[in-house]
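One file, final-v4.txt, is given below (compact mmCIF, C-alpha atoms).
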```
# COMPACT_ATOMS: atom_id res chain seq x y z
CA MET A 1 -17.28 104.54 239.33
CA LYS A 2 -16.06 102.07 236.75
CA ARG A 3 -12.49 100.80 236.94
CA THR A 4 -10.23 99.53 234.19
CA ALA A 5 -8.30 96.26 234.27
CA LEU A 6 -5.22 98.34 235.21
CA TYR A 7 -6.70 99.85 238.38
CA SER A 8 -4.45 97.80 240.69
CA ALA A 9 -1.36 98.93 238.72
CA HIS A 10 -2.34 102.57 239.24
CA GLN A 11 -2.78 101.99 242.98
CA LYS A 12 0.60 100.26 243.20
CA LEU A 13 2.28 103.19 241.43
CA GLY A 14 0.70 105.69 243.83
CA ALA A 15 -1.45 107.42 241.20
CA LYS A 16 -3.79 110.25 242.15
CA LEU A 17 -7.17 108.97 240.95
CA ILE A 18 -10.13 111.09 239.85
CA ASP A 19 -13.60 110.64 238.34
CA PHE A 20 -13.35 111.00 234.57
CA GLY A 21 -16.64 110.40 232.78
CA GLY A 22 -17.67 107.84 235.38
CA TRP A 23 -14.28 106.09 235.39
CA GLU A 24 -11.79 106.13 238.26
CA MET A 25 -8.67 107.13 236.33
CA PRO A 26 -5.14 108.35 237.17
CA VAL A 27 -4.72 112.11 236.69
CA GLN A 28 -1.01 111.93 237.60
CA TYR A 29 1.61 109.71 239.27
CA THR A 30 4.49 112.12 239.99
CA SER A 31 3.59 115.47 238.40
CA ILE A 32 1.90 116.54 235.17
CA THR A 33 5.03 118.42 234.05
CA ASP A 34 7.32 115.45 234.78
CA GLU A 35 5.09 113.04 232.86
CA HIS A 36 4.52 115.48 229.99
CA LEU A 37 8.25 116.02 229.45
CA ALA A 38 8.91 112.27 229.62
CA VAL A 39 6.60 111.84 226.60
CA ARG A 40 8.17 114.75 224.70
CA ASN A 41 11.75 113.58 225.36
CA ALA A 42 11.63 109.80 225.95
CA ALA A 43 8.49 107.70 226.49
CA GLY A 44 5.27 107.57 228.46
CA ILE A 45 2.61 104.90 228.99
CA PHE A 46 -1.10 105.69 229.41
CA ASP A 47 -4.12 103.61 230.41
CA ILE A 48 -6.75 104.34 227.73
CA SER A 49 -8.98 101.37 228.59
CA HIS A 50 -11.90 103.74 229.24
CA MET A 51 -12.15 104.38 225.48
CA GLY A 52 -14.92 102.55 223.64
CA GLU A 53 -14.67 100.01 220.82
CA VAL A 54 -17.34 99.24 218.22
CA THR A 55 -17.12 96.60 215.48
CA VAL A 56 -19.04 97.05 212.22
CA SER A 57 -19.09 94.18 209.73
CA GLY A 58 -21.05 92.70 206.86
CA ALA A 59 -21.37 93.39 203.14
CA GLY A 60 -23.01 96.76 203.86
CA ALA A 61 -20.50 97.92 206.51
CA GLY A 62 -18.43 100.18 204.24
CA GLU A 63 -21.46 101.86 202.68
CA PHE A 64 -23.06 102.34 206.11
CA LEU A 65 -19.94 103.94 207.63
CA ASN A 66 -19.46 106.21 204.63
CA HIS A 67 -22.99 107.51 205.15
CA THR A 68 -22.50 107.89 208.91
CA LEU A 69 -18.95 109.31 209.14
CA THR A 70 -17.37 112.39 207.52
CA ASN A 71 -14.13 110.91 206.12
CA ASP A 72 -14.07 108.55 203.12
CA ILE A 73 -13.81 104.98 204.44
CA ARG A 74 -13.20 103.72 200.88
CA LYS A 75 -9.66 105.11 201.07
CA LEU A 76 -8.72 102.46 203.66
CA THR A 77 -7.28 99.07 202.84
CA ALA A 78 -7.03 96.35 205.51
CA GLY A 79 -4.64 97.52 208.21
CA GLN A 80 -5.23 101.25 207.70
CA GLY A 81 -7.06 103.76 209.89
CA GLN A 82 -8.27 107.33 209.65
CA TYR A 83 -9.42 110.11 211.94
CA THR A 84 -13.07 110.87 211.24
CA LEU A 85 -16.17 112.44 212.80
CA MET A 86 -19.78 111.43 213.31
CA CYS A 87 -22.22 114.30 212.76
CA ASN A 88 -25.93 114.90 213.17
CA GLU A 89 -28.08 116.22 210.32
CA ARG A 90 -27.14 119.83 211.23
CA GLY A 91 -23.43 119.06 210.98
CA GLY A 92 -22.91 119.12 214.77
CA VAL A 93 -20.34 116.63 216.05
CA ILE A 94 -21.70 113.60 217.92
CA ASP A 95 -18.14 112.31 218.36
CA ASP A 96 -14.68 112.28 216.81
CA LEU A 97 -13.13 108.85 216.47
CA TYR A 98 -10.66 106.56 214.72
CA ALA A 99 -11.95 104.06 212.15
CA TYR A 100 -9.77 101.10 211.13
CA ARG A 101 -10.36 98.60 208.34
CA LEU A 102 -9.69 95.04 209.54
CA ALA A 103 -10.82 93.30 206.33
CA THR A 104 -12.90 94.00 203.22
CA ASP A 105 -16.17 94.02 205.18
CA ALA A 106 -14.96 94.49 208.77
CA PHE A 107 -14.20 97.74 210.62
CA PHE A 108 -13.11 98.68 214.13
CA LEU A 109 -14.03 102.05 215.68
CA ILE A 110 -12.34 103.60 218.74
CA ILE A 111 -14.66 106.15 220.34
CA ASN A 112 -14.48 108.58 223.27
CA ALA A 113 -15.15 107.21 226.77
CA SER A 114 -17.75 109.86 227.61
CA ARG A 115 -19.64 109.18 224.36
CA ILE A 116 -19.93 105.39 224.30
CA ASP A 117 -23.65 105.23 225.13
CA ASP A 118 -24.56 108.16 222.85
CA ASP A 119 -22.45 106.87 219.96
CA VAL A 120 -23.78 103.33 220.13
CA ALA A 121 -27.39 104.59 220.35
CA TRP A 122 -26.83 106.89 217.36
CA LEU A 123 -25.16 104.15 215.29
CA LYS A 124 -27.97 101.71 216.09
CA ALA A 125 -30.57 104.31 215.10
CA GLN A 126 -28.76 104.89 211.80
CA ALA A 127 -28.43 101.13 211.25
CA ALA A 128 -32.19 100.70 211.72
CA LYS A 129 -32.74 103.07 208.77
CA PHE A 130 -30.00 101.55 206.60
CA SER A 131 -31.31 99.73 203.54
CA GLY A 132 -28.00 98.49 202.09
CA GLY A 133 -26.32 95.11 202.51
CA GLU A 134 -25.87 92.95 205.60
CA LEU A 135 -24.79 94.94 208.66
CA ASN A 136 -23.60 93.75 212.08
CA LEU A 137 -22.91 96.37 214.74
CA THR A 138 -21.47 95.42 218.16
CA ASP A 139 -20.47 97.49 221.17
CA ALA A 140 -17.28 95.64 222.13
CA SER A 141 -16.14 98.17 224.77
CA HIS A 142 -16.42 95.71 227.67
CA HIS A 143 -14.14 93.14 226.03
CA TYR A 144 -10.95 95.17 225.77
CA ALA A 145 -8.30 97.08 227.66
CA ALA A 146 -6.13 99.61 225.83
CA ILE A 147 -2.68 101.11 226.43
CA ALA A 148 -0.94 104.01 224.68
CA VAL A 149 2.88 104.13 224.54
CA GLN A 150 4.05 107.49 223.27
CA GLY A 151 7.37 109.28 222.77
CA PRO A 152 10.45 109.53 220.53
CA LYS A 153 12.21 106.53 222.12
CA VAL A 154 9.29 104.06 221.95
CA ARG A 155 10.33 102.43 218.66
CA SER A 156 13.71 101.52 220.20
CA PHE A 157 12.14 99.07 222.68
CA ILE A 158 8.58 98.22 221.55
CA ASN A 159 9.67 95.04 219.69
CA ASP A 160 11.05 93.63 222.94
CA CYS A 161 7.61 94.10 224.51
CA ILE A 162 5.61 92.53 221.67
CA PRO A 163 8.10 90.43 219.68
CA GLY A 164 7.65 89.01 216.19
CA GLY A 165 5.72 89.93 213.08
CA SER A 166 2.00 90.39 212.69
CA ASP A 167 -0.34 87.42 212.32
CA ALA A 168 -3.59 89.23 211.43
CA VAL A 169 -5.10 92.19 209.54
CA ALA A 170 -1.91 93.25 207.68
CA ASN A 171 1.53 91.83 206.96
CA ILE A 172 3.97 93.79 209.16
CA ALA A 173 7.48 92.55 210.01
CA ALA A 174 7.48 93.99 213.58
CA VAL A 175 5.54 96.48 215.69
CA SER A 176 8.27 99.08 215.06
CA ALA A 177 7.64 98.74 211.30
CA LEU A 178 4.10 100.14 211.63
CA GLN A 179 3.76 103.53 209.97
CA LYS A 180 1.34 106.34 210.92
CA ASN A 181 -2.31 105.18 210.96
CA GLN A 182 -1.36 101.53 210.25
CA LEU A 183 -2.79 98.70 212.37
CA ALA A 184 -2.05 94.97 212.61
CA GLY A 185 -2.64 91.99 214.88
CA PHE A 186 0.24 90.57 216.96
CA GLN A 187 0.73 87.96 219.69
CA PHE A 188 1.57 88.90 223.26
CA GLU A 189 2.02 85.86 225.54
CA ASN A 190 -0.60 83.84 223.62
CA HIS A 191 -3.06 86.75 223.55
CA ASN A 192 -4.19 88.43 220.32
CA VAL A 193 -3.52 92.18 220.43
CA LEU A 194 -4.18 94.93 217.91
CA VAL A 195 -1.44 97.56 217.62
CA ALA A 196 -1.97 100.87 215.81
CA CYS A 197 0.57 103.58 215.07
CA THR A 198 -1.65 106.36 216.43
CA GLY A 199 -1.79 108.60 219.49
CA TYR A 200 -3.09 111.76 221.12
CA THR A 201 0.16 113.47 222.10
CA GLY A 202 1.78 114.74 218.91
CA GLU A 203 4.61 112.23 219.40
CA ASP A 204 5.43 108.99 217.63
CA GLY A 205 4.06 105.89 219.35
CA PHE A 206 1.46 103.15 219.46
CA GLU A 207 -1.95 102.32 220.86
CA ILE A 208 -2.49 98.69 221.84
CA VAL A 209 -5.91 97.07 222.24
CA ALA A 210 -5.71 93.84 224.23
CA PRO A 211 -7.97 91.42 226.11
CA GLU A 212 -8.48 92.55 229.71
CA ALA A 213 -6.75 89.34 230.89
CA ALA A 214 -3.50 90.48 229.22
CA ALA A 215 -3.58 94.14 230.29
CA LEU A 216 -1.61 93.98 233.55
CA ARG A 217 1.14 91.77 232.12
CA LEU A 218 1.46 94.02 229.06
CA TRP A 219 1.55 97.20 231.19
CA ASP A 220 4.27 95.78 233.47
CA LYS A 221 6.30 94.45 230.53
CA ILE A 222 6.33 97.82 228.76
CA LEU A 223 7.31 99.67 231.96
CA SER A 224 10.10 97.17 232.64
CA VAL A 225 11.51 97.00 229.11
CA GLY A 226 11.16 100.76 228.58
CA ALA A 227 12.84 101.71 231.88
CA PRO A 228 16.34 102.22 230.40
CA ALA A 229 14.79 104.58 227.81
CA GLY A 230 13.22 106.65 230.61
CA ILE A 231 9.57 105.58 230.27
CA LYS A 232 7.15 106.92 232.89
CA PRO A 233 3.50 106.11 233.64
CA CYS A 234 1.39 109.11 232.66
CA GLY A 235 -2.09 110.25 233.70
CA LEU A 236 -4.92 112.27 232.21
CA GLY A 237 -3.25 115.53 233.23
CA ALA A 238 -0.26 115.03 230.92
CA ARG A 239 -2.54 113.62 228.23
CA ASP A 240 -4.43 116.92 228.28
CA THR A 241 -1.39 119.22 228.25
CA LEU A 242 0.22 117.19 225.45
CA ARG A 243 -2.85 117.26 223.21
CA THR A 244 -3.46 120.98 223.90
CA GLU A 245 0.09 121.86 222.80
CA VAL A 246 -0.53 120.17 219.44
CA CYS A 247 -4.14 121.44 219.18
CA TYR A 248 -5.93 118.07 219.10
CA PRO A 249 -9.61 118.66 219.92
CA LEU A 250 -11.30 117.09 222.94
CA TYR A 251 -14.98 116.21 222.85
CA GLY A 252 -16.96 118.41 225.23
CA HIS A 253 -14.38 121.19 224.85
CA GLU A 254 -13.67 121.95 221.18
CA LEU A 255 -16.31 119.57 219.82
CA ASP A 256 -20.01 119.13 220.62
CA GLU A 257 -23.36 118.71 218.90
CA GLN A 258 -23.65 122.48 218.34
CA THR A 259 -20.22 122.74 216.67
CA THR A 260 -19.28 121.53 213.19
CA PRO A 261 -15.94 120.11 211.97
CA ILE A 262 -15.52 123.18 209.74
CA GLU A 263 -15.83 125.54 212.73
CA ALA A 264 -13.45 123.31 214.73
CA GLY A 265 -10.77 123.46 212.04
CA VAL A 266 -10.90 119.75 211.18
CA GLY A 267 -12.56 120.17 207.78
CA PHE A 268 -9.67 118.22 206.23
CA PHE A 269 -11.38 115.09 207.58
CA VAL A 270 -14.68 115.90 205.82
CA SER A 271 -14.94 114.34 202.33
CA LEU A 272 -17.65 116.36 200.60
CA ASP A 273 -16.95 114.64 197.27
CA LYS A 274 -17.79 111.08 198.43
CA GLY A 275 -21.58 111.41 198.14
CA GLU A 276 -24.32 111.93 200.70
CA PHE A 277 -23.60 111.55 204.44
CA ASN A 278 -25.03 112.86 207.70
CA GLY A 279 -24.59 116.63 207.98
CA ARG A 280 -23.18 117.05 204.45
CA ALA A 281 -25.56 119.86 203.38
CA MET A 282 -24.60 122.11 206.32
CA LEU A 283 -20.88 121.32 206.03
CA ALA A 284 -20.90 122.05 202.27
CA GLU A 285 -22.66 125.37 202.90
CA GLN A 286 -20.11 126.35 205.56
CA LYS A 287 -17.21 125.43 203.25
CA THR A 288 -18.69 127.72 200.59
CA SER A 289 -20.13 130.57 202.66
CA GLY A 290 -17.87 130.55 205.72
CA VAL A 291 -18.60 130.17 209.43
CA LYS A 292 -19.61 132.47 212.28
CA LYS A 293 -17.05 131.09 214.73
CA LYS A 294 -13.58 129.62 214.34
CA LEU A 295 -11.32 127.65 216.65
CA ILE A 296 -8.11 129.54 217.39
CA ALA A 297 -4.90 128.63 219.20
CA PHE A 298 -3.26 131.24 221.37
CA LYS A 299 -0.24 131.94 223.58
CA MET A 300 -0.23 134.29 226.53
CA SER A 301 1.96 137.34 225.87
CA GLU A 302 2.51 138.23 229.51
CA LYS A 303 2.94 136.43 232.82
CA SER A 304 -0.41 135.23 234.21
CA ALA A 305 -2.14 132.32 235.87
CA PRO A 306 -2.91 129.60 233.27
CA PRO A 307 -5.93 130.19 231.03
CA ARG A 308 -8.73 127.70 231.66
CA PRO A 309 -11.91 126.51 229.86
CA HIS A 310 -14.85 128.97 229.93
CA TYR A 311 -12.63 132.05 230.44
CA PRO A 312 -13.81 134.98 228.26
CA ILE A 313 -11.78 136.09 225.21
CA TRP A 314 -11.67 139.84 224.56
CA ALA A 315 -10.69 141.87 221.48
CA ASN A 316 -11.07 145.60 220.77
CA GLY A 317 -12.65 146.09 224.18
CA ALA A 318 -15.45 143.55 223.58
CA ASN A 319 -16.06 140.00 224.80
CA VAL A 320 -15.76 138.09 221.50
CA GLY A 321 -15.40 134.45 222.50
CA ILE A 322 -14.58 131.77 225.02
CA VAL A 323 -11.64 129.54 225.91
CA THR A 324 -12.38 125.83 225.36
CA SER A 325 -9.02 124.41 226.56
CA GLY A 326 -6.26 126.17 228.45
CA THR A 327 -3.19 125.23 230.45
CA GLN A 328 0.39 126.05 231.35
CA SER A 329 2.51 124.49 228.61
CA PRO A 330 5.31 122.37 230.16
CA SER A 331 7.22 122.43 226.85
CA LEU A 332 7.05 126.21 226.35
CA ASN A 333 6.68 127.31 229.99
CA LEU A 334 3.87 129.75 229.23
CA GLY A 335 0.08 129.83 229.15
CA ILE A 336 -1.58 128.42 226.01
CA GLY A 337 -5.08 127.55 224.90
CA LEU A 338 -7.78 127.00 222.32
CA GLY A 339 -11.03 128.89 221.94
CA TYR A 340 -13.79 130.10 219.64
CA VAL A 341 -13.99 133.62 218.22
CA PRO A 342 -15.63 135.26 215.15
CA PRO A 343 -13.51 134.79 211.96
CA GLU A 344 -12.32 138.42 211.94
CA PHE A 345 -10.36 137.76 215.17
CA ALA A 346 -9.01 134.36 214.10
CA LYS A 347 -6.00 135.36 211.98
CA ALA A 348 -2.54 134.38 213.25
CA GLY A 349 -0.92 137.39 214.85
CA ALA A 350 -4.20 138.91 216.03
CA LYS A 351 -3.94 140.43 219.50
CA ILE A 352 -6.53 139.29 222.03
CA GLU A 353 -6.97 139.27 225.80
CA ILE A 354 -7.93 136.40 228.10
CA GLU A 355 -9.93 137.27 231.19
CA ILE A 356 -8.36 135.36 234.10
CA ARG A 357 -9.98 135.75 237.52
CA GLY A 358 -11.58 139.06 236.60
CA LYS A 359 -8.48 140.64 235.03
CA ARG A 360 -7.54 140.71 231.33
CA TYR A 361 -4.13 139.53 230.14
CA ALA A 362 -2.59 139.98 226.68
CA ALA A 363 -2.42 136.99 224.32
CA ILE A 364 -1.76 136.41 220.64
CA VAL A 365 -3.41 134.10 218.09
CA VAL A 366 -0.84 131.62 216.74
CA PRO A 367 -0.80 129.00 213.95
CA LYS A 368 -1.60 125.40 214.93
CA PRO A 369 0.04 123.41 216.39
CA ILE A 370 1.18 125.65 219.25
CA PHE A 371 4.14 123.39 220.01
CA LYS A 372 6.35 122.20 217.14
CA LYS A 373 9.38 119.94 217.41
```
Serialized structure, structure tokens:
Amino acid sequence: MKRTALYSAHQKLGAKLIDFGGWEMPVQYTSITDEHLAVRNAAGIFDISHMGEVTVSGAGAGEFLNHTLTNDIRKLTAGQGQYTLMCNERGGVIDDLYAYRLATDAFFLIINASRIDDDVAWLKAQAAKFSGGELNLTDASHHYAAIAVQGPKVRSFINDCIPGGSDAVANIAAVSALQKNQLAGFQFENHNVLVACTGYTGEDGFEIVAPEAAALRLWDKILSVGAPAGIKPCGLGARDTLRTEVCYPLYGHELDEQTTPIEAGVGFFVSLDKGEFNGRAMLAEQKTSGVKKKLIAFKMSEKSAPPRPHYPIWANGANVGIVTSGTQSPSLNLGIGLGYVPPEFAKAGAKIEIEIRGKRYAAIVVPKPIFKK
């Protein structure tokens, strides 16, 4: 298994390590509930160094990305990012990702750990067919470590971790001045770091991309400075419960190459009016004619074991769908989940049942996100 530059820090903190997409990663340090609630109420720090990074530059970079991704890259100025998806010709999702504009002709993509090889191969195949301006595409995943710091108290101490204003990408007075989806370059102990106001928890916070040589010092500094605010190291377990509560999709669960952004409920990030792009014809047809399956969020209505992926969803005595993500919500103290059903069962308030270990338990379809502040 591959290890991140923070592996020794996880060992020192007594993390329980698991195989996650070929990476040896911490699933928890104390408990998933403890770490989850730290992020909701104070602050948590995550190792996200397993994520991939791709740089795309050259005079044709913007045109190429607009043809390859669903969102409209032209909306970004330097220092801005957007959630977007990469689809095949049938509209199926190859990956969901964040795209940032570093300069007029330079972009930075953050992609899912389990999809790095597939994404890079797909992008290179698309680049080979691209007939626009100059295009440089680089898989930079092996050059960086990445850390997420999430929670309502993070802004109160982040400037003491990475002091001073930005010196690259955008003009920002301090890290705490970054607004949602903004990104800028800062200095941490003579290392260049990119800091974005993004995250995967539903809380305020930042994601920091740094050279591997700076990762351990940065991790320790954030834990030390954030200690009075109640910061805790957090593993993949809390990352999953946090994102499920706010209904953020996970590739391989809610998203795959047989599922479109419209079916997954992320059609807002599909810009049909920007011109031709991969999968546009299918996505336009689904927007007009509707879909055969829809992603729902649900809460359990009665006491049960937690719902889990692949559990059957029942309605009107028939098996109508499948759970894609399910867990016990630490914030709400009840079972919650996401899953696909036909549109007629997808309305908020619809009564469904989740089959858990051979027995059906009552649940109700709820609006997204499941957890609201």
message = Taking 5 positions as the minimum chain separation for residues in the same chain, which residues sit within 12 Å of Thr288 (chain A) when counting all atoms listed in the file? Answer as a list in words.
response = Ile262, Leu272, Ala281, Met282 and Leu283 of chain A
Residue neighbourhood region 61-74 of chain A, 6 Å, all atoms listed in the file, exclusion window fewer than 5 positions, as a list of chain:residue names =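 So the residues in contact are A:Val56, A:Thr84, A:Leu85, A:Met86, A:Asp105, A:Leu135, A:Phe269, A:Val270, A:Ser271, A:Phe277, A:Asn278.
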Selected residues written out with C-alpha atoms, as a PDB file, in the frame of the given file:
```
ATOM      1  CA  VAL A  56     -19.040  97.050 212.220  1.00  0.00           C
ATOM      2  CA  THR A  84     -13.070 110.870 211.240  1.00  0.00           C
ATOM      3  CA  LEU A  85     -16.170 112.440 212.800  1.00  0.00           C
ATOM      4  CA  MET A  86     -19.780 111.430 213.310  1.00  0.00           C
ATOM      5  CA  ASP A 105     -16.170  94.020 205.180  1.00  0.00           C
ATOM      6  CA  LEU A 135     -24.790  94.940 208.660  1.00  0.00           C
ATOM      7  CA  PHE A 269     -11.380 115.090 207.580  1.00  0.00           C
ATOM      8  CA  VAL A 270     -14.680 115.900 205.820  1.00  0.00           C
ATOM      9  CA  SER A 271     -14.940 114.340 202.330  1.00  0.00           C
ATOM     10  CA  PHE A 277     -23.600 111.550 204.440  1.00  0.00           C
ATOM     11  CA  ASN A 278     -25.030 112.860 207.700  1.00  0.00           C
TER      12      ASN A 278
END
```
query = So how many Å separate CA of Ser131 (chain A) and CA of Gly60 (chain A), to one decimal?
reply =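 These two atoms are separated by 8.8 Å.
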task = Could you give me, as a ChimeraX atom specification, the residues within 8 Å of region 2-15 of chain A, counting all atoms listed in the file and dropping anything in the same chain fewer than 3 positions from it?
result = /A:22-30,47,49-50,145,212-213,215-216,219
Could I get the residues of region 101-121 of chain A with an atom no further than 12 Å from an atom of region 185-195 of chain A, each paired with its nearest atom pair and that distance in Å to one decimal, using all atoms listed in the file, sorted by chain and residue number, as CSV?
```
residue,atom,partner,partner_atom,distance
A:Arg101,CA,A:Leu194,CA,12.0
A:Leu102,CA,A:Gly185,CA,9.4
A:Ala103,CA,A:Gly185,CA,11.9
A:Phe108,CA,A:Leu194,CA,10.4
A:Ile110,CA,A:Leu194,CA,11.9
```
task = Show which residues sit within 12 Å of Asn319 (chain A), as a PyMOL selection string. Count only C-alpha atoms, and ignore same-chain residues fewer than 2 positions away.
result = chain A and resi 311-317+321-323+340-342+345+352-355+360
note = Students should find that CA of Ala238 (chain A) and CA of Glu35 (chain A) are spaced 6.0 Å
request  = Considering all atoms listed in the file, return as a ChimeraX atom specification whatever protein or nucleic-acid residues lie within 8 Å of region 364-372 of chain A, sequence-local ones (same chain, fewer than 6 positions apart) excluded.
outcome  = /A:245-247,296-301,331-332,336,346-353
